[in-house]
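*Asks:* Have a look at the structure that comes next, please.
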Amino acid sequence: MESAAEAAEPAPAAEPEPVSEPKAAPAEQKPVTESAPVAEPEPAQPEPVVPAEPVTPAEPEPAPAPAKPKTEAPEKVGSRLTRLKEKLAKSSNPFGKALFNILAKDNLSEADWEDVEDTLLLADVGAEASMDLVDDLRTDARVTGKSTPDQVRAALKEKLLDLVGRDTDRRLNADKPGANKPSVIIMVGVNGTGKTTTAGKLARLFVSENKKVVMGAADTFRAAAADQLETWGARVNVPVVRSDKDGADPASVAFEASAKAKEDNADVLIIDTAGRLQNKANLMDELGKIRRVTEKNLPVDEVLLVLDATTGQNGMTQAKVFAEAIGITGVVLSKLDGSAKGGIVVSVQKALGVPVKLVGLGEGPDDLAPFDPEGFVDGILA
């Protein structure tokens with residue numbers, strides 16, 4: 001039995017458990033306090049978008065229309081003929097004056113007659129025509145006898161008029177009574193003779209006579225030929241039918257031009273054509289096709305061959321090629337300034353069998369006039 005003392009002895013106190021120091025929480029971690037769950041807010045409904053009224057863009061100011069060329073009033077035929085005489089009279093070396101100076105001598109020697117023939121040849125009258133004229137002058141008493149200068153001039157004028165052809169009908173077919181309407185004129189000739197320019201000047205001539213004109217730019221192979229023709233037409237309000245691209249079929253342009261002229265009830269249709277001679281056969285075939293296609297709409301009344309008068313006899317070979325391939329009805333002599341080459345009027349008519357109908361005497365837009373034999377001879381003898 002335990003004694004009371006032992007029982008009264010208190011039991012040894014329990015050693016307290018070592019208390020560890022609390023660890024510091026990492027800085028980034030914050031104590032999380034549990035709380036009642038919070039309901040997530042419903043996403044805000046977007047406000048209805050009211051479509052803005054469409055803004056009409058400001059209309060751009062229209063670009064100014066290109067200025068139209070000022071319409072010109074072409075010169076009338078009468079004043080053109082007067083200027084033709086004046087220009088011939090003022091030219092530097094007309095062959096008529098040279099002839100007169102020889103024939104006005106008191107006594108003509110054989111050498112003088114040779115000078116007469118040489119002068120005619122240099123003037124491009126042609127060998128056969130020169131010999132015929134010399135023979136006529138040798139038998140004329142006003143030249144071989146004792147005569148005044150006026151009598152010599154009168155004799156020379158008559159002989160030259162006979163040579164040029166005083167009674168030849170030189171009217172354009174469009175100007176003749178009963179002409180077709182529209183009257184179709186096809187312009188042919190070698191490039192460089194002034195063919196397109198002559199077509200434009202011819203349109204002005206018809207406009208001066210109050211005729212309604214349409215032009216067709218069927219020279220589709222030469223750069224800017226159609227532009228050139230349009231420039232001429234715009235100055236006198238003449239419409240030009242052309243292709244949109246270079247190298248187009250010339251016959252199709254001619255066909256469209258003839259259709260428009262017919263639709264517009266024009267008085268005259270002028271068709272410009274190409275003049276390349278690199279391959280004569282192809283060129284002539286092309287010209288023939290243009291004529292055939294045009295005649296599906298309208299008959300062709302006139303084919304005018306444009307020759308550069310300054311080329312003289314060198315142009316005669318070209319002229320004969322065109323005459324043989326396409327039926328020409330007349331000749332236009334461009335650049336006939338009354339110089340020593342004036343005799344080309346005689347030789348071209350003799351070689352081609354068709355009359356010179358028009359002559360160009362300068363660069364001016366109205367320097368194209370009907371050929372007047374008496375005015376021509378008067379001018380070169382002035």
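Chain identifiers are assigned as A, B, and so on, following the order in which chains appear in the structure tokens; residues are numbered from 1 within each chain, and ligands are numbered from 1 in order of appearance.
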Just the residues within 7 Å of A:Lys335, please, counting only C-alpha atoms, with nothing from its chain fewer than 6 positions along; format it as a list in words.

*Replies:*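 Listed by chain and then number, they are Asp308, Ala309, Thr310, Gly360, Leu361 and Gly362 of chain A.
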
*Asks:* Given the choices A:Ala104, A:Val356, A:Lys320, A:Val240, which gets closest to A:Ser147 if the distance is worked out from only C-alpha atoms?

*Replies:*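 Once distances to A:Ser147 are computed over only C-alpha atoms, the minimum belongs to A:Ala104.
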
*Asks:* For stretch 192-200 of chain A, work out the shell of residues within 7 Å, counting only C-alpha atoms and skipping chain neighbours fewer than 6 positions away, then give it as an MDAnalysis selection string.

*Replies:* chainID A and resid 229 232:233 270 272 306:308 334

*Asks:* So, counting only C-alpha atoms, which residue among A:Pro177, A:Gly96, A:Pro74, A:Gly330 is closest to A:Arg153?

*Replies:*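 Nearest to A:Arg153: A:Gly96.
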
*Asks:* Pull the alpha helix (DSSP H) assignments for stretch 65-235 of chain A out of DSSP run on the backbone, and list those residues as an MDAnalysis selection string.

*Replies:* chainID A and resid 77:90 95:103 110:122 127:138 141:144 149:164 195:208 225:235
